[in-house]
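Engineer: If it helps, the file is called final_37.cif and holds mmCIF, C-alpha atoms:
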```
data_upload
#
loop_
_atom_site.label_atom_id
_atom_site.label_comp_id
_atom_site.auth_asym_id
_atom_site.auth_seq_id
_atom_site.Cartn_x
_atom_site.Cartn_y
_atom_site.Cartn_z
CA MET A 1 -19.19 39.28 -32.27
CA SER A 2 -18.18 42.45 -30.45
CA TRP A 3 -15.13 42.48 -28.21
CA GLU A 4 -14.83 44.86 -25.33
CA VAL A 5 -11.70 45.90 -23.59
CA SER A 6 -11.84 45.96 -19.85
CA LYS A 7 -9.26 45.82 -17.14
CA PRO A 8 -9.46 43.07 -14.55
CA ARG A 9 -8.03 43.48 -11.09
CA ALA A 10 -4.33 42.78 -10.70
CA PRO A 11 -4.54 39.25 -9.18
CA VAL A 12 -6.75 38.03 -12.02
CA GLN A 13 -4.50 39.68 -14.57
CA SER A 14 -1.31 38.10 -13.23
CA THR A 15 -2.91 34.68 -12.86
CA LEU A 16 -4.15 34.77 -16.43
CA LEU A 17 -0.81 35.92 -17.78
CA SER A 18 0.91 33.09 -15.89
CA LEU A 19 -1.57 30.63 -17.36
CA ALA A 20 -1.04 31.92 -20.87
CA GLU A 21 2.70 31.30 -20.49
CA ASN A 22 2.68 28.02 -18.58
CA GLU A 23 -0.63 26.29 -19.23
CA PRO A 24 -1.71 26.89 -22.83
CA CYS A 25 -4.42 24.22 -22.63
CA ILE A 26 -6.11 25.97 -19.71
CA TYR A 27 -5.69 29.29 -21.46
CA LEU A 28 -7.42 27.78 -24.47
CA PHE A 29 -10.26 26.77 -22.19
CA LEU A 30 -10.53 30.35 -20.97
CA PHE A 31 -10.52 31.56 -24.55
CA ILE A 32 -13.43 29.24 -25.33
CA SER A 33 -15.11 30.52 -22.19
CA HIS A 34 -14.95 34.05 -23.62
CA PHE A 35 -11.94 35.31 -21.72
CA ILE A 36 -8.66 36.17 -23.35
CA TYR A 37 -5.80 38.63 -23.37
CA ASP A 38 -4.68 40.21 -26.58
CA ALA A 39 -1.01 40.42 -27.56
CA SER A 40 -0.48 43.70 -25.73
CA GLY A 41 -1.83 42.29 -22.47
CA ARG A 42 -5.21 43.96 -22.65
CA PHE A 43 -8.07 41.91 -21.29
CA LEU A 44 -10.81 41.17 -23.80
CA THR A 45 -14.17 39.71 -23.10
CA ARG A 46 -17.48 39.38 -24.85
CA SER A 47 -19.32 40.11 -21.65
CA ARG A 48 -20.42 43.68 -20.95
CA GLU A 49 -19.91 43.15 -17.21
CA PRO A 50 -17.31 40.50 -16.70
CA ASP A 51 -17.73 38.76 -13.40
CA GLU A 52 -14.21 38.70 -12.11
CA ARG A 53 -15.07 36.50 -9.16
CA LEU A 54 -16.46 33.85 -11.47
CA LEU A 55 -13.46 34.15 -13.72
CA LEU A 56 -11.01 33.90 -10.85
CA ARG A 57 -12.86 30.90 -9.44
CA ARG A 58 -12.69 29.19 -12.80
CA VAL A 59 -8.99 29.96 -13.19
CA ILE A 60 -8.24 28.70 -9.68
CA ARG A 61 -10.26 25.56 -10.33
CA TYR A 62 -8.37 24.66 -13.47
CA TYR A 63 -5.00 25.88 -12.28
CA SER A 64 -5.29 24.06 -8.94
CA ALA A 65 -6.47 20.92 -10.67
CA MET A 66 -3.16 20.87 -12.53
CA THR A 67 -1.11 21.27 -9.37
CA ILE A 68 -2.65 18.88 -6.86
CA SER A 69 -0.04 17.74 -4.34
CA LEU A 70 0.59 14.09 -3.52
CA LEU A 71 -1.27 14.63 -0.25
CA GLY A 72 -4.14 16.08 -2.27
CA TYR A 73 -4.31 12.92 -4.36
CA ALA A 74 -4.10 10.78 -1.21
CA ILE A 75 -7.11 12.68 0.15
CA LEU A 76 -9.00 12.32 -3.14
CA SER A 77 -8.18 8.60 -3.14
CA LEU A 78 -9.86 8.17 0.25
CA LEU A 79 -12.79 10.47 -0.52
CA ALA A 80 -13.47 8.50 -3.71
CA ARG A 81 -14.63 5.70 -1.40
CA ILE A 82 -16.59 7.49 1.29
CA PRO A 83 -17.15 11.08 2.58
CA LEU A 84 -14.81 11.80 5.51
CA SER A 85 -13.87 14.61 7.88
CA GLY A 86 -10.31 15.92 8.18
CA TYR A 87 -9.92 13.91 11.37
CA ASP A 88 -11.23 10.76 9.66
CA LEU A 89 -8.73 11.26 6.83
CA ALA A 90 -5.80 11.53 9.27
CA ARG A 91 -7.00 8.40 11.07
CA GLU A 92 -7.34 6.45 7.80
CA MET A 93 -3.81 7.44 6.77
CA ARG A 94 -2.41 6.26 10.10
CA LYS A 95 -3.78 2.72 9.74
CA PRO A 96 -1.01 0.13 9.27
CA HIS A 97 -2.36 -1.07 5.95
CA SER A 98 -2.27 2.53 4.69
CA PHE A 99 1.53 2.72 5.09
CA PHE A 100 1.97 4.19 1.59
CA PHE A 101 0.05 7.37 2.48
CA GLY A 102 2.71 8.46 4.96
CA GLN A 103 1.94 10.11 8.28
CA ALA A 104 0.10 13.29 7.30
CA GLN A 105 -0.74 15.64 10.16
CA LEU A 106 -4.07 17.43 10.61
CA SER A 107 -2.17 20.71 10.18
CA GLN A 108 -1.29 19.55 6.64
CA ILE A 109 -4.62 17.91 5.82
CA TYR A 110 -6.90 20.88 6.57
CA PRO A 111 -5.10 23.41 4.30
CA GLU A 112 -5.03 20.78 1.55
CA LEU A 113 -8.77 20.19 1.95
CA ALA A 114 -9.32 23.95 1.67
CA ARG A 115 -7.32 24.03 -1.57
CA LEU A 116 -9.25 21.07 -2.99
CA GLU A 117 -12.52 22.74 -2.04
CA ALA A 118 -11.48 26.05 -3.63
CA ALA A 119 -10.66 24.12 -6.78
CA GLU A 120 -14.14 22.54 -6.64
CA LEU A 121 -12.70 19.04 -6.47
CA VAL A 122 -14.38 18.32 -3.13
CA ALA A 123 -17.32 19.82 -1.24
CA SER A 124 -17.89 20.08 2.49
CA GLN A 125 -21.01 19.70 4.57
CA ILE A 126 -21.52 20.49 8.25
CA ILE A 127 -23.02 17.58 10.14
CA GLU A 128 -24.59 18.58 13.45
CA GLN A 129 -24.03 16.20 16.33
CA ARG A 130 -25.88 16.12 19.62
CA GLY A 131 -23.64 16.92 22.58
CA ARG A 132 -20.54 16.90 20.39
CA PRO A 133 -18.90 19.46 18.12
CA ASP A 134 -20.21 19.66 14.55
CA ARG A 135 -18.36 17.60 11.95
CA LYS A 136 -17.28 19.04 8.62
CA VAL A 137 -17.47 16.15 6.19
CA TYR A 138 -15.88 16.32 2.75
CA SER A 139 -17.10 14.43 -0.29
CA MET A 140 -15.67 14.18 -3.77
CA LEU A 141 -17.14 16.19 -6.63
CA PRO A 142 -17.23 14.92 -10.24
CA LEU A 143 -14.26 17.14 -11.17
CA GLY A 144 -12.25 15.61 -8.32
CA ARG A 145 -13.01 12.11 -9.51
CA GLN A 146 -12.11 13.11 -13.05
CA GLN A 147 -8.73 14.47 -11.87
CA LEU A 148 -8.05 11.36 -9.80
CA GLU A 149 -8.92 9.04 -12.69
CA ARG A 150 -6.56 11.00 -14.94
CA TRP A 151 -3.75 10.99 -12.36
CA VAL A 152 -3.99 7.22 -11.71
CA VAL A 153 -2.86 6.47 -15.26
CA SER A 154 -0.33 9.31 -15.57
CA PRO A 155 3.43 8.49 -15.53
CA THR A 156 5.00 8.14 -12.07
CA PRO A 157 8.58 9.28 -11.36
CA LEU A 158 10.84 6.27 -10.83
CA LEU A 159 11.40 5.60 -7.16
CA GLU A 160 14.73 6.47 -5.61
CA VAL A 161 15.27 4.06 -2.73
CA ARG A 162 17.61 5.53 -0.12
CA SER A 163 17.82 3.86 3.25
CA GLU A 164 20.02 4.80 6.18
CA PHE A 165 19.92 1.23 7.40
CA LEU A 166 21.01 -0.17 4.04
CA ILE A 167 23.84 2.35 3.76
CA LYS A 168 24.99 1.13 7.18
CA ALA A 169 24.58 -2.49 6.05
CA HIS A 170 26.84 -1.72 3.10
CA SER A 171 29.64 -1.10 5.60
CA LEU A 172 28.70 -3.98 7.87
CA TRP A 173 32.04 -5.65 7.17
CA LEU A 174 33.62 -2.97 9.40
CA ALA A 175 31.27 -3.57 12.34
CA ASP A 176 31.51 -5.59 15.50
CA PRO A 177 29.14 -8.54 14.74
CA GLN A 178 27.69 -8.62 18.28
CA GLN A 179 26.74 -4.93 18.19
CA ALA A 180 25.47 -5.18 14.62
CA LEU A 181 23.30 -8.12 15.61
CA LEU A 182 21.47 -5.93 18.14
CA GLN A 183 20.61 -3.42 15.40
CA PHE A 184 19.33 -6.14 13.11
CA GLN A 185 17.25 -7.67 15.90
CA GLU A 186 15.66 -4.29 16.57
CA GLN A 187 14.83 -3.92 12.88
CA GLU A 188 13.34 -7.40 12.85
CA ARG A 189 11.09 -6.64 15.85
CA TYR A 190 9.83 -3.50 14.12
CA HIS A 191 9.04 -5.27 10.85
CA GLN A 192 7.48 -8.28 12.61
CA ALA A 193 5.17 -5.83 14.41
CA ASN A 194 4.26 -4.20 11.08
CA LEU A 195 3.52 -7.59 9.57
CA ALA A 196 1.38 -8.59 12.55
CA ALA A 197 -0.63 -5.34 12.15
CA TYR A 198 -1.94 -6.56 8.79
CA MET B 1 -4.49 -15.60 4.05
CA LEU B 2 -5.12 -12.38 2.13
CA GLU B 3 -7.08 -14.24 -0.50
CA GLU B 4 -9.24 -15.76 2.27
CA ARG B 5 -9.88 -12.33 3.79
CA TRP B 6 -10.89 -10.75 0.50
CA GLY B 7 -12.44 -13.87 -0.96
CA ALA B 8 -13.57 -13.72 -4.55
CA ARG B 9 -14.01 -9.93 -4.36
CA PHE B 10 -10.38 -9.24 -5.20
CA ALA B 11 -11.03 -10.46 -8.71
CA LEU B 12 -13.44 -7.54 -9.16
CA MET B 13 -11.04 -4.77 -10.00
CA ASN B 14 -13.70 -2.05 -10.20
CA ILE B 15 -14.43 -1.90 -6.47
CA PRO B 16 -12.43 -0.07 -3.73
CA ASP B 17 -11.60 -3.41 -2.05
CA PHE B 18 -9.38 -4.21 -5.01
CA GLY B 19 -7.22 -1.16 -4.21
CA ASP B 20 -7.04 -2.21 -0.55
CA TYR B 21 -6.15 -5.76 -1.49
CA LEU B 22 -3.32 -4.94 -3.86
CA THR B 23 -1.71 -2.36 -1.54
CA VAL B 24 -1.95 -4.66 1.50
CA LYS B 25 -0.44 -7.47 -0.57
CA ARG B 26 2.46 -5.16 -1.45
CA GLY B 27 2.93 -4.17 2.22
CA VAL B 28 2.86 -7.76 3.45
CA GLY B 29 5.23 -8.83 0.68
CA TYR B 30 7.64 -6.02 1.57
CA GLU B 31 7.64 -6.86 5.30
CA ARG B 32 8.06 -10.61 4.71
CA ASP B 33 10.88 -10.08 2.25
CA TYR B 34 12.60 -7.57 4.53
CA ILE B 35 12.32 -9.89 7.54
CA ALA B 36 13.73 -12.79 5.50
CA TRP B 37 16.70 -10.61 4.51
CA LEU B 38 17.26 -9.47 8.13
CA GLN B 39 17.19 -13.08 9.33
CA TRP B 40 19.66 -14.11 6.63
CA VAL B 41 22.11 -11.35 7.71
CA MET B 42 21.56 -12.19 11.39
CA ALA B 43 22.40 -15.85 10.75
CA ILE B 44 25.72 -14.73 9.22
CA LEU B 45 26.41 -12.35 12.14
CA GLU B 46 25.57 -15.05 14.70
CA GLU B 47 27.97 -17.42 12.97
CA ARG B 48 30.66 -14.73 13.07
CA VAL B 49 30.03 -14.09 16.80
CA LYS B 50 30.32 -17.83 17.44
CA GLN B 51 33.63 -17.96 15.53
CA GLN B 52 34.98 -15.00 17.50
CA ARG B 53 34.14 -16.69 20.80
CA GLU B 54 35.87 -19.89 19.67
CA GLU B 55 38.93 -17.89 18.58
CA GLN B 56 39.05 -16.10 21.97
CA ALA B 57 38.71 -19.41 23.80
CA THR B 58 41.69 -20.95 21.97
CA GLU B 59 43.95 -17.90 22.51
#
```
Give the structure from this file in structure tokens form.

Structural biologist:
Amino acid sequence: MSWEVSKPRAPVQSTLLSLAENEPCIYLFLFISHFIYDASGRFLTRSREPDERLLLRRVIRYYSAMTISLLGYAILSLLARIPLSGYDLAREMRKPHSFFFGQAQLSQIYPELARLEAAELVASQIIEQRGRPDRKVYSMLPLGRQQLERWVVSPTPLLEVRSEFLIKAHSLWLADPQQALLQFQEQERYHQANLAAY
Amino acid sequence: MLEERWGARFALMNIPDFGDYLTVKRGVGYERDYIAWLQWVMAILEERVKQQREEQATE
């Protein structure tokens, strides 16, 4: 086996060095895939013409897969069921029974979709529509499903429940009961409406 | 009610409906429990308002 020394462009170099320090498992993958740095930081590869774009894509894919945001997982969770556009995803997350997704905005969803696509976790397809703008529909790729399956059974940070209303309730003994009653009635109306939406 | 809506499908945990069912059940449970707590506090507050009115009437 002959090793060549070549010099990748700076972004690739810094990404790989960061991986070597922070993500040894991914670095091991790169090593197996014929890419590695030696101890002095020189880039070694078995390839005579290393394709830096391919390398960078692979690094981004594995690095991004390790750092999917909660919104990213929410998107993957919906795409695991059916291909959807960014607009469809926002609409799904706004449904009352999807309360746990939070209220993600389109301005947050589209950049997240772009990240997931760059990481090859999802793929997009343009659907032409007569008399209406084209739709860009995203579907989950096998790597995305693999990441989601892994995440589902990973440890979850214990929930910290902090509620303004409950902090107020803790000092309810100081309040005028008539005024406090109005606040509780308002809360009840809100939660009754939520319950009715199911 | 939820069991009627999902029928026997909710027993099949390898279909997306199972995920919908268990999250909806959690949401409904949360809302019902929260409403029950609000109503319990409101009953206490209403009693206190009633007492205050009686106290003001006797003064």

Engineer: Between atom CA of A:Ile75 and atom CA of A:Ile127, what is the spacing in Å?

Structural biologist: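 Separation of atom CA of A:Ile127 and atom CA of A:Ile75: 19.4 Å.
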
Engineer: Taking the file as shown, find all residues satisfying the PyMOL selection byres ((chain A) within 7 of (chain B)) and write them as a PyMOL selection string.

Structural biologist: chain A and resi 81+97+177-178+181+184+188+191+195

Engineer: Counting only C-alpha atoms, which residues sit no farther than 6 Å from the position (-15.8, 14.5, 0.5) in the file's frame? I'd like them as a VMD selection string.

Structural biologist: chain A and resid 79 83 to 84 122 to 123 138 to 140

Engineer: May I have the protein, DNA and RNA residues with any atom at most 10 Å from the point (-9.2, 18.5, 5.0), counting all atoms listed in the file, written as a ChimeraX atom specification?

Structural biologist: /A:72,75,84-90,106-117,122,124,136-138

Engineer: Quick one: pull the distance between atom CA of A:Ala80 and atom CA of A:Ser98, Å, one decimal.

Structural biologist: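 Atom CA of A:Ser98 lies at a distance of 15.2 Å from atom CA of A:Ala80.
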
Engineer: How many Å lie between atom CA of A:Ser77 and atom CA of A:Tyr198, rounded to one decimal?

Structural biologist: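 Those two atoms sit 20.3 Å apart.
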
Engineer: Choose the residue, out of A:Gln187, A:Ile68, A:Leu143, A:Ala74, that has the smallest atom-to-atom separation from A:Phe99; count all atoms listed in the file.

Structural biologist: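 Residue with the minimum atom-to-atom distance to A:Phe99: A:Ala74.
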
Engineer: The centre and edge lengths of an axis-aligned box containing all atoms of stretch 37-52 of chain B present in the file, extended by 3 Å on each side, are to be given in Å to one decimal, as lines of an AutoDock Vina configuration file.

Structural biologist:
```
center_x = 25.8
center_y = -13.7
center_z = 11.0
size_x = 24.3
size_y = 14.5
size_z = 19.0
```

Engineer: Counting only C-alpha atoms, figure out which residue out of A:Leu71, A:Ala196, A:Ala180, A:Leu76 gets nearest to A:Gln146.

Structural biologist: A:Leu76
